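So this one's upload26.cif, mmCIF, C-alpha atoms and all ligand atoms:
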```cif
data_final
loop_
_atom_site.label_atom_id
_atom_site.label_comp_id
_atom_site.auth_asym_id
_atom_site.auth_seq_id
_atom_site.Cartn_x
_atom_site.Cartn_y
_atom_site.Cartn_z
CA MET A 1 60.70 123.07 110.47
CA THR A 2 58.25 121.19 108.22
CA ASP A 3 56.73 123.26 105.43
CA PRO A 4 52.95 123.53 105.99
CA SER A 5 52.39 123.59 102.22
CA THR A 6 53.31 119.88 102.26
CA TRP A 7 50.71 119.04 104.92
CA HIS A 8 47.53 117.20 104.01
CA VAL A 9 45.39 116.82 107.13
CA TYR A 10 45.92 118.88 110.28
CA LEU A 11 44.12 117.66 113.42
CA VAL A 12 42.86 120.27 115.89
CA THR A 13 41.95 118.58 119.17
CA ASP A 14 38.79 119.10 121.19
CA ARG A 15 38.13 116.85 124.18
CA SER A 16 34.41 117.67 124.18
CA PHE A 17 33.93 116.19 120.70
CA SER A 18 35.99 113.03 121.19
CA LEU A 19 33.28 110.54 122.23
CA GLY A 20 34.82 110.17 125.69
CA ARG A 21 38.25 109.19 124.38
CA SER A 22 41.33 110.95 125.74
CA THR A 23 43.15 113.46 123.57
CA LEU A 24 46.19 111.17 123.55
CA GLU A 25 44.09 108.24 122.29
CA VAL A 26 42.62 110.42 119.54
CA VAL A 27 46.05 111.70 118.54
CA GLU A 28 47.65 108.23 118.52
CA ALA A 29 44.96 106.90 116.18
CA ALA A 30 45.09 109.99 113.95
CA VAL A 31 48.86 109.65 113.64
CA SER A 32 48.50 106.03 112.63
CA GLY A 33 46.07 107.27 109.95
CA GLY A 34 48.65 109.75 108.64
CA VAL A 35 47.91 113.25 109.98
CA SER A 36 50.57 115.80 109.05
CA ALA A 37 50.30 118.00 112.16
CA VAL A 38 48.41 118.20 115.45
CA GLN A 39 47.20 121.32 117.24
CA LEU A 40 46.50 121.05 120.97
CA ARG A 41 43.52 123.34 121.53
CA GLU A 42 42.35 123.63 125.13
CA LYS A 43 40.01 126.54 125.77
CA ASP A 44 38.98 125.55 129.31
CA LEU A 45 41.98 123.93 131.00
CA CYS A 46 44.10 125.71 133.58
CA THR A 47 47.72 126.32 132.64
CA ARG A 48 48.99 123.35 134.66
CA ASP A 49 46.63 120.86 133.04
CA PHE A 50 47.19 122.31 129.55
CA TYR A 51 50.93 121.88 130.03
CA ARG A 52 50.55 118.30 131.35
CA GLU A 53 48.39 117.35 128.40
CA GLY A 54 51.00 118.89 126.12
CA VAL A 55 53.85 116.89 127.68
CA GLN A 56 52.09 113.62 126.83
CA LEU A 57 51.41 114.67 123.26
CA ARG A 58 54.88 116.08 122.73
CA GLU A 59 56.61 112.82 123.67
CA PHE A 60 54.38 110.78 121.40
CA LEU A 61 54.42 113.20 118.45
CA ARG A 62 58.15 113.76 118.60
CA SER A 63 58.80 110.05 118.36
CA HIS A 64 56.59 109.99 115.25
CA ARG A 65 58.04 113.18 113.75
CA VAL A 66 54.66 114.89 113.63
CA PRO A 67 54.69 118.62 114.51
CA LEU A 68 52.87 119.76 117.64
CA ILE A 69 51.23 123.19 117.40
CA ILE A 70 49.80 124.90 120.50
CA ASN A 71 46.67 127.01 120.20
CA ASP A 72 46.79 130.57 121.59
CA ARG A 73 49.46 130.04 124.27
CA ILE A 74 53.02 131.06 123.42
CA ASP A 75 54.13 130.42 127.01
CA ILE A 76 52.96 126.82 126.88
CA ALA A 77 54.49 126.30 123.43
CA LEU A 78 57.87 127.47 124.78
CA ALA A 79 57.57 125.45 127.98
CA LEU A 80 56.87 122.33 125.92
CA ASP A 81 59.44 123.11 123.24
CA ALA A 82 56.56 122.59 120.81
CA ASP A 83 56.98 123.06 117.06
CA GLY A 84 54.74 126.10 116.84
CA VAL A 85 51.65 128.06 117.75
CA HIS A 86 48.36 128.97 116.14
CA MET A 87 47.29 132.58 116.70
CA GLY A 88 43.94 134.23 116.06
CA GLN A 89 43.22 137.88 115.35
CA GLU A 90 42.51 138.45 119.04
CA ASP A 91 45.65 136.66 120.25
CA MET A 92 49.23 138.01 120.55
CA PRO A 93 50.18 140.18 117.51
CA LEU A 94 52.12 138.20 114.94
CA SER A 95 55.16 140.48 114.99
CA ARG A 96 55.57 140.04 118.76
CA ALA A 97 54.89 136.30 118.56
CA ARG A 98 57.65 135.95 115.94
CA GLN A 99 60.09 137.93 118.10
CA ILE A 100 59.39 135.66 121.06
CA LEU A 101 59.33 132.36 119.16
CA GLY A 102 62.24 133.01 116.80
CA PRO A 103 62.54 132.10 113.13
CA ASP A 104 62.35 128.32 113.41
CA ARG A 105 59.02 127.69 115.09
CA ILE A 106 55.86 127.46 113.01
CA ILE A 107 53.35 130.27 113.42
CA GLY A 108 49.88 130.01 111.89
CA ILE A 109 47.39 132.86 111.86
CA SER A 110 43.62 132.84 111.37
CA ILE A 111 42.37 135.03 108.53
CA ASN A 112 38.76 136.11 108.99
CA GLU A 113 38.61 139.06 106.59
CA LEU A 114 40.34 140.11 103.38
CA ASP A 115 42.13 143.14 104.79
CA GLN A 116 43.97 140.87 107.25
CA ILE A 117 45.87 139.38 104.30
CA THR A 118 47.36 142.72 103.32
CA ASP A 119 48.55 143.48 106.85
CA GLU A 120 52.33 143.68 106.49
CA SER A 121 52.97 141.36 109.46
CA VAL A 122 51.18 138.51 107.72
CA GLU A 123 54.38 137.57 105.89
CA LEU A 124 55.81 136.58 109.29
CA ALA A 125 53.40 133.64 109.39
CA ASP A 126 54.20 130.15 108.09
CA TYR A 127 50.60 129.45 107.14
CA LEU A 128 47.29 131.26 106.93
CA ALA A 129 44.12 129.58 108.16
CA ILE A 130 41.03 130.44 106.13
CA SER A 131 38.76 130.78 109.08
CA PRO A 132 36.08 129.40 108.69
CA VAL A 133 35.45 128.07 105.19
CA PHE A 134 32.01 126.78 106.24
CA SER A 135 30.17 127.60 109.45
CA THR A 136 30.56 124.94 112.10
CA PRO A 137 28.85 124.00 115.36
CA THR A 138 32.30 123.09 116.74
CA LYS A 139 33.17 126.81 116.99
CA PRO A 140 29.97 128.81 117.45
CA ASP A 141 31.91 132.10 117.85
CA ALA A 142 33.62 131.80 114.44
CA THR A 143 33.24 134.72 112.04
CA ALA A 144 31.27 134.69 108.74
CA PRO A 145 32.24 131.80 106.45
CA TRP A 146 34.44 132.39 103.39
CA GLY A 147 32.88 129.71 101.21
CA LEU A 148 34.73 128.22 98.25
CA GLU A 149 34.81 131.56 96.41
CA GLY A 150 36.55 133.02 99.44
CA VAL A 151 39.19 130.28 99.35
CA LYS A 152 39.84 131.08 95.65
CA LYS A 153 40.08 134.79 96.44
CA VAL A 154 42.59 134.24 99.27
CA ARG A 155 44.63 131.88 97.04
CA SER A 156 44.82 134.60 94.38
CA LEU A 157 46.20 137.11 96.90
CA THR A 158 48.99 135.15 98.59
CA ASN A 159 51.62 132.49 98.04
CA LEU A 160 51.74 131.57 101.71
CA PRO A 161 50.59 128.02 102.58
CA LEU A 162 46.83 127.92 103.16
CA VAL A 163 45.00 125.77 105.70
CA ALA A 164 41.20 125.61 105.44
CA ILE A 165 39.07 125.03 108.56
CA GLY A 166 35.38 124.79 109.41
CA SER A 167 33.01 121.85 108.70
CA ILE A 168 35.45 120.10 106.40
CA LYS A 169 34.58 116.44 105.91
CA LEU A 170 35.41 113.68 103.45
CA GLN A 171 32.54 114.87 101.22
CA ASN A 172 33.84 118.44 100.73
CA ALA A 173 37.61 118.14 101.26
CA ARG A 174 38.31 117.80 97.55
CA GLU A 175 36.52 121.01 96.53
CA VAL A 176 38.26 122.96 99.28
CA VAL A 177 41.69 121.85 98.04
CA LEU A 178 40.77 122.40 94.38
CA ALA A 179 39.73 125.94 95.37
CA GLY A 180 43.31 126.54 96.51
CA SER A 181 43.89 125.31 100.04
CA ASP A 182 47.08 123.30 100.67
CA CYS A 183 45.77 121.49 103.70
CA ILE A 184 42.56 120.86 105.62
CA ALA A 185 42.30 121.36 109.37
CA VAL A 186 39.58 119.38 111.09
CA VAL A 187 38.20 118.70 114.53
CA THR A 188 35.12 116.46 114.39
CA ALA A 189 35.84 114.71 111.09
CA ILE A 190 38.56 112.98 113.10
CA THR A 191 37.79 113.37 116.82
CA ALA A 192 34.16 112.21 116.49
CA ALA A 193 34.85 109.38 114.05
CA PRO A 194 34.19 105.90 115.47
CA ASP A 195 37.26 104.64 113.56
CA ILE A 196 39.72 107.52 113.87
CA ALA A 197 42.62 105.92 111.98
CA GLY A 198 40.37 104.84 109.11
CA ALA A 199 38.65 108.24 108.85
CA THR A 200 42.02 109.99 108.88
CA ARG A 201 43.39 107.71 106.16
CA GLN A 202 40.42 108.49 103.92
CA LEU A 203 40.83 112.24 104.44
CA VAL A 204 44.56 112.05 103.72
CA ASP A 205 43.95 110.09 100.48
CA GLU A 206 41.30 112.57 99.39
CA VAL A 207 43.52 115.60 100.00
CA ARG A 208 46.53 113.93 98.38
CA GLN A 209 44.50 113.19 95.24
CA ALA A 210 43.04 116.70 95.10
CA LYS A 211 46.48 118.28 95.49
CA SER A 212 47.83 116.19 92.69
CA ILE A 213 44.90 117.17 90.41
CA ARG A 214 45.51 120.83 91.22
CA GLN A 215 49.25 120.54 90.58
CA ASN A 216 48.63 118.86 87.21
CA ASP A 217 46.12 121.57 86.26
CA THR A 218 48.60 124.29 87.23
CA ALA A 219 51.38 122.59 85.23
CA LYS A 220 49.16 122.56 82.12
CA GLN A 221 48.44 126.30 82.34
C1 LIG A 301 44.16 125.73 112.01
C2 LIG A 301 43.35 126.67 112.81
N1 LIG A 301 42.65 127.62 112.18
C3 LIG A 301 41.90 128.48 112.90
C4 LIG A 301 41.86 128.40 114.25
C5 LIG A 301 41.06 129.38 115.07
O1 LIG A 301 41.90 130.25 115.83
P1 LIG A 301 41.24 131.47 116.62
O2 LIG A 301 40.55 132.32 115.64
O3 LIG A 301 42.26 132.08 117.47
O4 LIG A 301 40.16 130.76 117.54
P2 LIG A 301 40.42 129.70 118.70
O5 LIG A 301 40.80 128.40 118.10
O6 LIG A 301 41.51 130.20 119.58
O7 LIG A 301 39.12 129.60 119.41
C6 LIG A 301 42.59 127.39 114.87
N2 LIG A 301 42.59 127.24 116.19
N3 LIG A 301 43.34 126.55 114.14
C1 LIG A 302 38.95 125.46 115.93
C2 LIG A 302 38.20 126.07 114.83
N1 LIG A 302 38.53 127.29 114.31
C3 LIG A 302 37.70 127.66 113.34
C4 LIG A 302 37.78 128.94 112.64
O1 LIG A 302 36.96 129.19 111.77
O2 LIG A 302 38.67 129.69 112.98
S1 LIG A 302 36.50 126.54 113.01
C5 LIG A 302 37.11 125.51 114.20
C6 LIG A 302 36.49 124.20 114.52
C7 LIG A 302 36.45 123.29 113.31
O3 LIG A 302 35.80 122.14 113.70
P1 LIG A 302 35.11 121.14 112.69
O4 LIG A 302 36.19 120.58 111.84
O5 LIG A 302 34.50 120.12 113.60
O6 LIG A 302 34.09 121.91 111.92
MG MG A 303 42.99 131.76 119.30
#
```

Hey, can you dump this file as structure tokens for me?
Amino acid sequence: MTDPSTWHVYLVTDRSFSLGRSTLEVVEAAVSGGVSAVQLREKDLCTRDFYREGVQLREFLRSHRVPLIINDRIDIALALDADGVHMGQEDMPLSRARQILGPDRIIGISINELDQITDESVELADYLAISPVFSTPTKPDATAPWGLEGVKKVRSLTNLPLVAIGSIKLQNAREVVLAGSDCIAVVTAITAAPDIAGATRQLVDEVRQAKSIRQNDTAKQ
């Protein structure tokens, strides 16, 4: 299992924000730009089509050694032999998801409120998603945004790897990482970019630089 604290940019797919390109096309270009992980997120597909889409991505991502995470659906993750799942607070409880998926698959969990961090099952997760850092039109039903102060607060409360999501772009990626996130998760900064590989490369460089600044600052303290 790859350690999510080493990830830089995590692509979350969304066919409706991909400028007419297929999810496979988007993922291929994002991988050539250096994404660390890909989450297949399909809120409207039937099980059969979700699975078929996953088969295509799994073959490609496996050959490039990039982890495939499935949103919401443990059954599809198992059927695909995917690397992990992302669960929200309204999805399968973490403790049950861990029992089903075993110790080796990655499980990420969305954190929308502070008291969710102190829930004892949280330690069963491999990463926490700070959800959302900034409000975003891509997910209109997201909860209230954490802001950068929220990212700092979460960082002070846990050593688990942190993934920040919600309106993260090249312009604000650095401040999100300096506030304490290990990785950024994005939809439209990649899926809606005219040059997906180029946009991904820029995001990866930005996060890499910010992580190295943060590590140097921590070493000095
Ligand atoms: C990396 C990442 N973070 C947060 C989410 C949101 O998960 P959830 O709250 O379950 O909402 P849906 O994505 O299922 O609509 C995510 N998918 N990925
Ligand atoms: C899938 C998802 N989950 C979120 C959360 O807050 O839990 S925000 C989000 C969409 C993020 O899209 P963009 O990078 O285009 O803002
Ligand atoms: Mg969910």

Note to self: Excluding A:Val12 and its own-chain neighbours fewer than 4 positions away, which residues fall within 12 Å of it when counting all atoms listed in the file? Please give them as a ChimeraX atom specification.
What the structure shows: /A:17-18,23,26-27,30,35-42,68-71,85-86,138-139,163-166,184-192

Notebook entry, point to check: If we count all atoms listed in the file, what is near stretch 199-211 of chain A at a cut-off of 10 Å, once residues fewer than 4 positions away on the same chain are taken out, given as a VMD selection string?
Noted result: chain A and resid 6 to 11 29 to 36 168 to 184 186 189 to 195 215 to 217

Check: How would you write, as a VMD selection string, the set of residues no farther than 7 Å from ligand MG 303 (chain A) when counting only C-alpha atoms and all ligand atoms?
Finding: chain A and resid 71 to 72 86 to 88 90 to 91

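Every protein, DNA or RNA residue with an atom at most 9 Å from stretch 99-105 of chain A, where only C-alpha atoms count and chain neighbours fewer than 4 positions away do not, is listed here: Met1, Ile74, Ala77, Leu78, Ala82, Asp83, Gly84, Val85, Leu94, Ser95, Leu124 and Asp126 of chain A.
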
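With distances taken over only C-alpha atoms and all ligand atoms, A:Ala129 is the one residue among A:Ala129, A:Val66, A:Ile117, A:Val151 lying closest to ligand LIG 302 (chain A).
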
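In this model, the gap between atom CA of A:Thr13 and atom CA of A:Gly150 comes to 25.0 Å.
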
Next item on the list: Might you pull out every residue within 12 Å of A:Asp141, with only C-alpha atoms counted and same-chain residues fewer than 3 positions away left off, and present them as a ChimeraX atom specification?
Entry: /A:112,131-132,135-138,144-145,166

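Interatomic distance, atom CA of A:Glu149 to atom CA of A:Ser121: 24.4 Å.
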
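Here atom CA of A:Gln89 stands at a distance of 6.2 Å from atom O2 of ligand LIG 301 (chain A).
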
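Among the candidates A:Glu113, A:Glu25, A:Glu120, A:Glu53, the one nearest to ligand LIG 302 (chain A) when counting all atoms listed in the file is A:Glu113.
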
Box for ligand LIG 301 (chain A): with edges along x, y and z, all listed atoms inside and 8 Å added on each side, what are the centre and edge lengths in Å to one decimal, as JSON?
```
{"center_x": 41.6, "center_y": 129.0, "center_z": 115.8, "size_x": 21.0, "size_y": 22.6, "size_z": 23.6}
```

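Candidate residues A:Ile213, A:Val133, A:Leu162, A:Val55 were compared for distance to A:Trp146, and the nearest is A:Val133, using all atoms listed in the file.
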
Provide stretch 90-114 of chain A rebuilt to N, CA and C atoms, formatted as a PDB file, in the frame of the given file.
```
ATOM      1  N   GLU A  90      42.631 137.827 117.718  1.00  0.00           N
ATOM      2  CA  GLU A  90      42.510 138.450 119.040  1.00  0.00           C
ATOM      3  C   GLU A  90      43.626 137.957 119.976  1.00  0.00           C
ATOM      4  N   ASP A  91      44.547 137.160 119.432  1.00  0.00           N
ATOM      5  CA  ASP A  91      45.650 136.660 120.250  1.00  0.00           C
ATOM      6  C   ASP A  91      46.855 137.604 120.121  1.00  0.00           C
ATOM      7  N   MET A  92      48.003 137.184 120.595  1.00  0.00           N
ATOM      8  CA  MET A  92      49.230 138.010 120.550  1.00  0.00           C
ATOM      9  C   MET A  92      49.508 138.461 119.109  1.00  0.00           C
ATOM     10  N   PRO A  93      49.863 139.750 118.886  1.00  0.00           N
ATOM     11  CA  PRO A  93      50.180 140.180 117.510  1.00  0.00           C
ATOM     12  C   PRO A  93      51.311 139.316 116.936  1.00  0.00           C
ATOM     13  N   LEU A  94      51.174 139.079 115.623  1.00  0.00           N
ATOM     14  CA  LEU A  94      52.120 138.200 114.940  1.00  0.00           C
ATOM     15  C   LEU A  94      53.575 138.661 115.074  1.00  0.00           C
ATOM     16  N   SER A  95      53.776 139.975 114.961  1.00  0.00           N
ATOM     17  CA  SER A  95      55.160 140.480 114.990  1.00  0.00           C
ATOM     18  C   SER A  95      55.806 140.165 116.343  1.00  0.00           C
ATOM     19  N   ARG A  96      55.032 140.319 117.414  1.00  0.00           N
ATOM     20  CA  ARG A  96      55.570 140.040 118.760  1.00  0.00           C
ATOM     21  C   ARG A  96      55.748 138.534 118.953  1.00  0.00           C
ATOM     22  N   ALA A  97      54.783 137.771 118.436  1.00  0.00           N
ATOM     23  CA  ALA A  97      54.890 136.300 118.560  1.00  0.00           C
ATOM     24  C   ALA A  97      56.153 135.823 117.852  1.00  0.00           C
ATOM     25  N   ARG A  98      56.447 136.387 116.676  1.00  0.00           N
ATOM     26  CA  ARG A  98      57.650 135.950 115.940  1.00  0.00           C
ATOM     27  C   ARG A  98      58.919 136.329 116.705  1.00  0.00           C
ATOM     28  N   GLN A  99      58.912 137.524 117.311  1.00  0.00           N
ATOM     29  CA  GLN A  99      60.090 137.930 118.100  1.00  0.00           C
ATOM     30  C   GLN A  99      60.328 136.933 119.241  1.00  0.00           C
ATOM     31  N   ILE A 100      59.251 136.545 119.893  1.00  0.00           N
ATOM     32  CA  ILE A 100      59.390 135.660 121.060  1.00  0.00           C
ATOM     33  C   ILE A 100      59.776 134.239 120.625  1.00  0.00           C
ATOM     34  N   LEU A 101      59.157 133.770 119.541  1.00  0.00           N
ATOM     35  CA  LEU A 101      59.330 132.360 119.160  1.00  0.00           C
ATOM     36  C   LEU A 101      60.541 132.111 118.277  1.00  0.00           C
ATOM     37  N   GLY A 102      61.074 133.171 117.675  1.00  0.00           N
ATOM     38  CA  GLY A 102      62.240 133.010 116.800  1.00  0.00           C
ATOM     39  C   GLY A 102      61.846 132.528 115.418  1.00  0.00           C
ATOM     40  N   PRO A 103      62.849 132.392 114.536  1.00  0.00           N
ATOM     41  CA  PRO A 103      62.540 132.100 113.130  1.00  0.00           C
ATOM     42  C   PRO A 103      62.153 130.652 112.858  1.00  0.00           C
ATOM     43  N   ASP A 104      62.478 129.741 113.762  1.00  0.00           N
ATOM     44  CA  ASP A 104      62.350 128.320 113.410  1.00  0.00           C
ATOM     45  C   ASP A 104      61.021 127.676 113.794  1.00  0.00           C
ATOM     46  N   ARG A 105      60.299 128.315 114.724  1.00  0.00           N
ATOM     47  CA  ARG A 105      59.020 127.690 115.090  1.00  0.00           C
ATOM     48  C   ARG A 105      57.925 128.120 114.116  1.00  0.00           C
ATOM     49  N   ILE A 106      56.977 127.212 113.934  1.00  0.00           N
ATOM     50  CA  ILE A 106      55.860 127.460 113.010  1.00  0.00           C
ATOM     51  C   ILE A 106      54.872 128.413 113.684  1.00  0.00           C
ATOM     52  N   ILE A 107      54.453 129.432 112.933  1.00  0.00           N
ATOM     53  CA  ILE A 107      53.350 130.270 113.420  1.00  0.00           C
ATOM     54  C   ILE A 107      52.260 130.292 112.346  1.00  0.00           C
ATOM     55  N   GLY A 108      51.048 129.916 112.766  1.00  0.00           N
ATOM     56  CA  GLY A 108      49.880 130.010 111.890  1.00  0.00           C
ATOM     57  C   GLY A 108      48.990 131.118 112.390  1.00  0.00           C
ATOM     58  N   ILE A 109      48.289 131.774 111.461  1.00  0.00           N
ATOM     59  CA  ILE A 109      47.390 132.860 111.860  1.00  0.00           C
ATOM     60  C   ILE A 109      46.041 132.676 111.173  1.00  0.00           C
ATOM     61  N   SER A 110      44.978 132.912 111.943  1.00  0.00           N
ATOM     62  CA  SER A 110      43.620 132.840 111.370  1.00  0.00           C
ATOM     63  C   SER A 110      43.359 134.090 110.547  1.00  0.00           C
ATOM     64  N   ILE A 111      42.780 133.905 109.372  1.00  0.00           N
ATOM     65  CA  ILE A 111      42.370 135.030 108.530  1.00  0.00           C
ATOM     66  C   ILE A 111      40.852 134.997 108.439  1.00  0.00           C
ATOM     67  N   ASN A 112      40.233 136.044 108.981  1.00  0.00           N
ATOM     68  CA  ASN A 112      38.760 136.110 108.990  1.00  0.00           C
ATOM     69  C   ASN A 112      38.216 137.086 107.962  1.00  0.00           C
ATOM     70  N   GLU A 113      39.069 138.023 107.534  1.00  0.00           N
ATOM     71  CA  GLU A 113      38.610 139.060 106.590  1.00  0.00           C
ATOM     72  C   GLU A 113      39.731 139.381 105.625  1.00  0.00           C
ATOM     73  N   LEU A 114      39.334 139.876 104.428  1.00  0.00           N
ATOM     74  CA  LEU A 114      40.340 140.110 103.380  1.00  0.00           C
ATOM     75  C   LEU A 114      41.443 141.068 103.784  1.00  0.00           C
TER      76      LEU A 114
END
```
